[in-house]
>>> print(open('target-v1.pdb').read())   # PDB, C-alpha atoms
ATOM      1  CA  MET A   1      18.114 -36.307  19.271  1.00  0.00           C
ATOM      2  CA  ASN A   2      16.053 -33.781  17.358  1.00  0.00           C
ATOM      3  CA  ARG A   3      16.367 -33.444  13.580  1.00  0.00           C
ATOM      4  CA  LEU A   4      18.057 -30.030  13.696  1.00  0.00           C
ATOM      5  CA  LYS A   5      20.781 -31.292  16.033  1.00  0.00           C
ATOM      6  CA  GLU A   6      21.256 -34.409  13.880  1.00  0.00           C
ATOM      7  CA  LYS A   7      21.702 -32.207  10.794  1.00  0.00           C
ATOM      8  CA  ILE A   8      24.225 -29.962  12.563  1.00  0.00           C
ATOM      9  CA  LEU A   9      26.264 -32.949  13.776  1.00  0.00           C
ATOM     10  CA  GLN A  10      26.615 -34.545  10.346  1.00  0.00           C
ATOM     11  CA  SER A  11      30.055 -34.694   8.786  1.00  0.00           C
ATOM     12  CA  ILE A  12      31.020 -31.432   7.137  1.00  0.00           C
ATOM     13  CA  GLY A  13      34.156 -30.398   5.325  1.00  0.00           C
ATOM     14  CA  LYS A  14      36.775 -32.048   3.160  1.00  0.00           C
ATOM     15  CA  LYS A  15      39.380 -34.764   3.552  1.00  0.00           C
ATOM     16  CA  ARG A  16      42.366 -32.830   2.160  1.00  0.00           C
ATOM     17  CA  TRP A  17      43.345 -29.284   3.028  1.00  0.00           C
ATOM     18  CA  ALA A  18      46.235 -27.031   2.020  1.00  0.00           C
ATOM     19  CA  ILE A  19      47.624 -24.029   3.849  1.00  0.00           C
ATOM     20  CA  ALA A  20      49.956 -22.400   1.335  1.00  0.00           C
ATOM     21  CA  GLU A  21      51.183 -19.726   3.738  1.00  0.00           C
ATOM     22  CA  GLY A  22      53.064 -20.717   6.870  1.00  0.00           C
ATOM     23  CA  TYR A  23      55.600 -18.900   9.012  1.00  0.00           C
ATOM     24  CA  ILE A  24      56.248 -19.102  12.744  1.00  0.00           C
ATOM     25  CA  PRO A  25      57.770 -15.793  13.856  1.00  0.00           C
ATOM     26  CA  PRO A  26      61.064 -16.462  15.655  1.00  0.00           C
ATOM     27  CA  ASP A  27      60.507 -13.906  18.428  1.00  0.00           C
ATOM     28  CA  SER A  28      57.750 -12.909  20.839  1.00  0.00           C
ATOM     29  CA  THR A  29      57.238  -9.954  23.158  1.00  0.00           C
ATOM     30  CA  GLY A  30      54.402 -11.413  25.213  1.00  0.00           C
ATOM     31  CA  GLU A  31      54.581 -13.677  28.222  1.00  0.00           C
ATOM     32  CA  GLY A  32      52.885 -17.007  28.659  1.00  0.00           C
ATOM     33  CA  PRO A  33      51.802 -19.408  25.941  1.00  0.00           C
ATOM     34  CA  GLU A  34      48.869 -17.254  24.833  1.00  0.00           C
ATOM     35  CA  PHE A  35      51.214 -14.459  23.700  1.00  0.00           C
ATOM     36  CA  VAL A  36      53.965 -16.542  22.081  1.00  0.00           C
ATOM     37  CA  SER A  37      54.084 -16.059  18.318  1.00  0.00           C
ATOM     38  CA  HIS A  38      52.542 -19.129  16.674  1.00  0.00           C
ATOM     39  CA  GLU A  39      50.765 -20.730  13.724  1.00  0.00           C
ATOM     40  CA  THR A  40      47.609 -22.738  14.343  1.00  0.00           C
ATOM     41  CA  ALA A  41      45.482 -25.120  12.317  1.00  0.00           C
ATOM     42  CA  CYS A  42      41.998 -25.006  13.827  1.00  0.00           C
ATOM     43  CA  ILE A  43      40.366 -28.329  12.938  1.00  0.00           C
ATOM     44  CA  LEU A  44      36.637 -29.007  13.343  1.00  0.00           C
ATOM     45  CA  ASN A  45      35.382 -32.597  13.296  1.00  0.00           C
ATOM     46  CA  ALA A  46      31.590 -32.275  13.451  1.00  0.00           C
ATOM     47  CA  GLY A  47      31.002 -35.872  12.348  1.00  0.00           C
ATOM     48  CA  GLY A  48      30.337 -39.000  14.358  1.00  0.00           C
ATOM     49  CA  SER A  49      33.752 -40.688  13.839  1.00  0.00           C
ATOM     50  CA  ASP A  50      37.171 -39.740  15.169  1.00  0.00           C
ATOM     51  CA  ALA A  51      39.422 -38.127  12.545  1.00  0.00           C
ATOM     52  CA  ARG A  52      42.885 -39.582  11.963  1.00  0.00           C
ATOM     53  CA  ILE A  53      44.945 -36.797  10.453  1.00  0.00           C
ATOM     54  CA  SER A  54      48.395 -36.581   8.879  1.00  0.00           C
ATOM     55  CA  ILE A  55      50.224 -33.358   8.101  1.00  0.00           C
ATOM     56  CA  MET A  56      53.079 -32.872   5.640  1.00  0.00           C
ATOM     57  CA  VAL A  57      55.077 -29.635   5.767  1.00  0.00           C
ATOM     58  CA  PHE A  58      56.790 -28.295   2.635  1.00  0.00           C
ATOM     59  CA  PHE A  59      59.703 -25.867   2.423  1.00  0.00           C
ATOM     60  CA  LYS A  60      61.357 -23.734  -0.253  1.00  0.00           C
ATOM     61  CA  ASP A  61      64.809 -25.266  -0.062  1.00  0.00           C
ATOM     62  CA  ARG A  62      64.637 -28.665   1.646  1.00  0.00           C
ATOM     63  CA  GLU A  63      62.741 -31.927   1.677  1.00  0.00           C
ATOM     64  CA  PRO A  64      59.266 -32.019   3.297  1.00  0.00           C
ATOM     65  CA  ALA A  65      58.831 -32.844   6.980  1.00  0.00           C
ATOM     66  CA  GLY A  66      56.304 -35.336   8.264  1.00  0.00           C
ATOM     67  CA  PRO A  67      54.019 -36.955   8.397  1.00  0.00           C
ATOM     68  CA  TYR A  68      52.875 -35.528  11.713  1.00  0.00           C
ATOM     69  CA  ARG A  69      49.996 -37.621  13.048  1.00  0.00           C
ATOM     70  CA  ILE A  70      47.182 -36.338  15.221  1.00  0.00           C
ATOM     71  CA  ALA A  71      43.598 -37.264  16.058  1.00  0.00           C
ATOM     72  CA  VAL A  72      40.515 -35.119  16.501  1.00  0.00           C
ATOM     73  CA  PRO A  73      37.715 -36.900  18.354  1.00  0.00           C
ATOM     74  CA  ALA A  74      34.214 -37.001  16.884  1.00  0.00           C
ATOM     75  CA  GLN A  75      32.199 -33.826  17.403  1.00  0.00           C
ATOM     76  CA  ARG A  76      35.212 -31.924  18.738  1.00  0.00           C
ATOM     77  CA  THR A  77      37.630 -29.212  17.695  1.00  0.00           C
ATOM     78  CA  LEU A  78      41.410 -28.996  17.998  1.00  0.00           C
ATOM     79  CA  HIS A  79      43.500 -25.842  17.810  1.00  0.00           C
ATOM     80  CA  LEU A  80      46.836 -27.348  16.836  1.00  0.00           C
ATOM     81  CA  ARG A  81      49.877 -25.101  17.141  1.00  0.00           C
ATOM     82  CA  PHE A  82      52.493 -25.902  14.535  1.00  0.00           C
ATOM     83  CA  ASN A  83      55.015 -24.782  17.199  1.00  0.00           C
ATOM     84  CA  ASP A  84      54.036 -27.899  19.179  1.00  0.00           C
ATOM     85  CA  LEU A  85      54.731 -30.370  16.359  1.00  0.00           C
ATOM     86  CA  THR A  86      57.930 -32.236  17.257  1.00  0.00           C
ATOM     87  CA  ASP A  87      57.626 -35.766  15.850  1.00  0.00           C
ATOM     88  CA  PRO A  88      59.301 -36.449  13.464  1.00  0.00           C
ATOM     89  CA  GLU A  89      60.962 -32.997  13.867  1.00  0.00           C
ATOM     90  CA  PRO A  90      60.116 -29.474  15.055  1.00  0.00           C
ATOM     91  CA  ILE A  91      58.941 -26.912  12.491  1.00  0.00           C
ATOM     92  CA  PRO A  92      61.779 -24.366  12.181  1.00  0.00           C
ATOM     93  CA  LEU A  93      61.056 -20.840  13.385  1.00  0.00           C
ATOM     94  CA  GLY A  94      61.515 -17.934  10.989  1.00  0.00           C
ATOM     95  CA  THR A  95      61.147 -20.189   7.930  1.00  0.00           C
ATOM     96  CA  ASP A  96      58.505 -20.034   5.196  1.00  0.00           C
ATOM     97  CA  TYR A  97      56.548 -23.263   4.795  1.00  0.00           C
ATOM     98  CA  ALA A  98      53.270 -24.692   3.540  1.00  0.00           C
ATOM     99  CA  SER A  99      51.267 -27.671   4.759  1.00  0.00           C
ATOM    100  CA  VAL A 100      48.916 -30.335   3.460  1.00  0.00           C
ATOM    101  CA  ILE A 101      46.496 -31.835   5.967  1.00  0.00           C
ATOM    102  CA  GLU A 102      44.806 -35.151   5.169  1.00  0.00           C
ATOM    103  CA  SER A 103      42.002 -36.727   7.177  1.00  0.00           C
ATOM    104  CA  ASP A 104      40.193 -40.045   6.888  1.00  0.00           C
ATOM    105  CA  VAL A 105      36.842 -38.285   7.529  1.00  0.00           C
ATOM    106  CA  PRO A 106      35.629 -34.830   6.446  1.00  0.00           C
ATOM    107  CA  VAL A 107      36.865 -31.956   8.632  1.00  0.00           C
ATOM    108  CA  VAL A 108      37.092 -28.164   8.344  1.00  0.00           C
ATOM    109  CA  VAL A 109      40.479 -26.409   8.677  1.00  0.00           C
ATOM    110  CA  GLN A 110      41.155 -22.753   9.433  1.00  0.00           C
ATOM    111  CA  HIS A 111      44.640 -21.214   9.599  1.00  0.00           C
ATOM    112  CA  THR A 112      45.583 -18.594  12.195  1.00  0.00           C
ATOM    113  CA  ARG A 113      48.843 -16.793  13.034  1.00  0.00           C
ATOM    114  CA  LEU A 114      49.633 -14.709  16.081  1.00  0.00           C
ATOM    115  CA  ASP A 115      52.679 -12.494  15.548  1.00  0.00           C
ATOM    116  CA  SER A 116      53.797 -10.952  18.828  1.00  0.00           C
ATOM    117  CA  ARG A 117      57.228  -9.725  17.733  1.00  0.00           C
ATOM    118  CA  GLN A 118      56.006  -6.191  18.486  1.00  0.00           C
ATOM    119  CA  ALA A 119      53.951  -4.986  21.437  1.00  0.00           C
ATOM    120  CA  GLU A 120      51.095  -4.356  18.965  1.00  0.00           C
ATOM    121  CA  LEU A 121      50.054  -7.938  18.243  1.00  0.00           C
ATOM    122  CA  GLY A 122      49.341  -9.027  14.673  1.00  0.00           C
ATOM    123  CA  LEU A 123      46.682 -11.681  14.058  1.00  0.00           C
ATOM    124  CA  LEU A 124      45.610 -13.195  10.752  1.00  0.00           C
ATOM    125  CA  SER A 125      43.154 -15.955  10.037  1.00  0.00           C
ATOM    126  CA  THR A 126      41.843 -17.581   6.873  1.00  0.00           C
ATOM    127  CA  ILE A 127      40.068 -20.730   5.834  1.00  0.00           C
ATOM    128  CA  ALA A 128      42.386 -23.299   4.271  1.00  0.00           C
ATOM    129  CA  TYR A 129      41.879 -24.631   0.727  1.00  0.00           C
ATOM    130  CA  GLY A 130      39.838 -27.848   0.870  1.00  0.00           C
ATOM    131  CA  SER A 131      39.644 -30.690  -1.644  1.00  0.00           C
ATOM    132  CA  ASP A 132      38.317 -34.243  -1.701  1.00  0.00           C
ATOM    133  CA  GLN A 133      40.821 -35.259  -4.379  1.00  0.00           C
TER     134      GLN A 133
END
>>> encode(input="target-v1.pdb", output="structure tokens")
Amino acid sequence: MNRLKEKILQSIGKKRWAIAEGYIPPDSTGEGPEFVSHETACILNAGGSDARISIMVFFKDREPAGPYRIAVPAQRTLHLRFNDLTDPEPIPLGTDYASVIESDVPVVVQHTRLDSRQAELGLLSTIAYGSDQ
């Protein structure tokens, strides 16, 4: 492997991430999974070890949900829809929430929402807040 590729494939990111803004719109106007309103955590694991990840979800007026456990293989990416999280419980639609994502190896997390409640789709994306603490 050449030196440039080795440098690119080194671990990058943080072990703890927070997404303070979460909301899965309760309705959708589009058809098929690509046009269903959703929240996504896009997780990049550029390192050489699989990432074991746990997610806790926090709410305004109830106890947190989780941990949700997922894995991201080494040198791979996962676009995880919060809509698909069901164990230990589904994330409620139409409810404000926040999440903390913890990994045993450094990863990078980006947050994206597709809101298809109207025919004119709304899309937002931002990098999560990362910390090694």
>>> resolve_selection(input="target-v1.pdb", expression="the PyMOL selection byres ((chain A and resi 65) around 12)", output="list in words")
Ser54, Ile55, Met56, Val57, Phe58, Phe59, Lys60, Asp61, Arg62, Glu63, Pro64, Gly66, Pro67, Tyr68, Arg69, Leu85, Thr86, Asp87, Pro88, Glu89, Pro90, Ile91, Pro92, Tyr97, Ala98, Ser99 and Val100 of chain A
>>> residues_around(input="target-v1.pdb", residues="Ala74 in chain A", least_positions_apart="6", cutoff="6 Å", atoms="all atoms listed in the file", output="PyMOL selection string")
chain A and resi 45+47-50
>>> residues_around(input="target-v1.pdb", residues="Glu39 in chain A", least_positions_apart="3", cutoff="8 Å", atoms="all atoms listed in the file", output="VMD selection string")
chain A and resid 22 to 24 81 to 83 111 to 114
>>> write_last_selection(input="target-v1.pdb", atoms="C-alpha atoms", output="PDB file, in the coordinates of the input")
ATOM      1  CA  GLY A  22      53.064 -20.717   6.870  1.00  0.00           C
ATOM      2  CA  TYR A  23      55.600 -18.900   9.012  1.00  0.00           C
ATOM      3  CA  ILE A  24      56.248 -19.102  12.744  1.00  0.00           C
ATOM      4  CA  ARG A  81      49.877 -25.101  17.141  1.00  0.00           C
ATOM      5  CA  PHE A  82      52.493 -25.902  14.535  1.00  0.00           C
ATOM      6  CA  ASN A  83      55.015 -24.782  17.199  1.00  0.00           C
ATOM      7  CA  HIS A 111      44.640 -21.214   9.599  1.00  0.00           C
ATOM      8  CA  THR A 112      45.583 -18.594  12.195  1.00  0.00           C
ATOM      9  CA  ARG A 113      48.843 -16.793  13.034  1.00  0.00           C
ATOM     10  CA  LEU A 114      49.633 -14.709  16.081  1.00  0.00           C
TER      11      LEU A 114
END
>>> resolve_selection(input="target-v1.pdb", expression="the PyMOL selection byres ((chain A and resi 131) around 9)", output="ChimeraX atom specification")
/A:13-18,129-130,132-133
>>> residues_around(input="target-v1.pdb", residues="Leu80 in chain A", least_positions_apart="6", cutoff="8 Å", atoms="only C-alpha atoms", output="ChimeraX atom specification")
/A:40-43
>>> atom_distance(input="target-v1.pdb", atom1="CA of Pro106 in chain A", atom2="CA of Ala51 in chain A")
7.9 Å
>>> atom_distance(input="target-v1.pdb", atom1="CA of Pro26 in chain A", atom2="CA of Leu78 in chain A")
23.4 Å
>>> atom_distance(input="target-v1.pdb", atom1="CA of Val72 in chain A", atom2="CA of Gly94 in chain A")
27.7 Å
>>> closest_residue(input="target-v1.pdb", among="A:Ile53, A:Leu44, A:Ile19, A:Val108", to="Thr77 in chain A", atoms="all atoms listed in the file")
A:Leu44
>>> decode(input="target-v1.pdb", residues="range 99-113 of chain A", atoms="C-alpha atoms", output="PDB file, in the first residue's frame")
ATOM      1  CA  SER A  99     -28.680  11.651  20.640  1.00  0.00           C
ATOM      2  CA  VAL A 100     -25.251  10.733  21.946  1.00  0.00           C
ATOM      3  CA  ILE A 101     -23.228   8.302  19.850  1.00  0.00           C
ATOM      4  CA  GLU A 102     -20.280   6.486  21.431  1.00  0.00           C
ATOM      5  CA  SER A 103     -17.754   4.361  19.567  1.00  0.00           C
ATOM      6  CA  ASP A 104     -14.837   2.236  20.728  1.00  0.00           C
ATOM      7  CA  VAL A 105     -12.691   3.591  17.849  1.00  0.00           C
ATOM      8  CA  PRO A 106     -12.602   7.067  16.270  1.00  0.00           C
ATOM      9  CA  VAL A 107     -15.361   7.723  13.716  1.00  0.00           C
ATOM     10  CA  VAL A 108     -16.891  10.772  12.021  1.00  0.00           C
ATOM     11  CA  VAL A 109     -20.640  11.478  12.354  1.00  0.00           C
ATOM     12  CA  GLN A 110     -22.802  13.707  10.175  1.00  0.00           C
ATOM     13  CA  HIS A 111     -26.513  14.342  10.786  1.00  0.00           C
ATOM     14  CA  THR A 112     -29.030  14.581   7.939  1.00  0.00           C
ATOM     15  CA  ARG A 113     -32.820  15.018   7.825  1.00  0.00           C
TER      16      ARG A 113
END
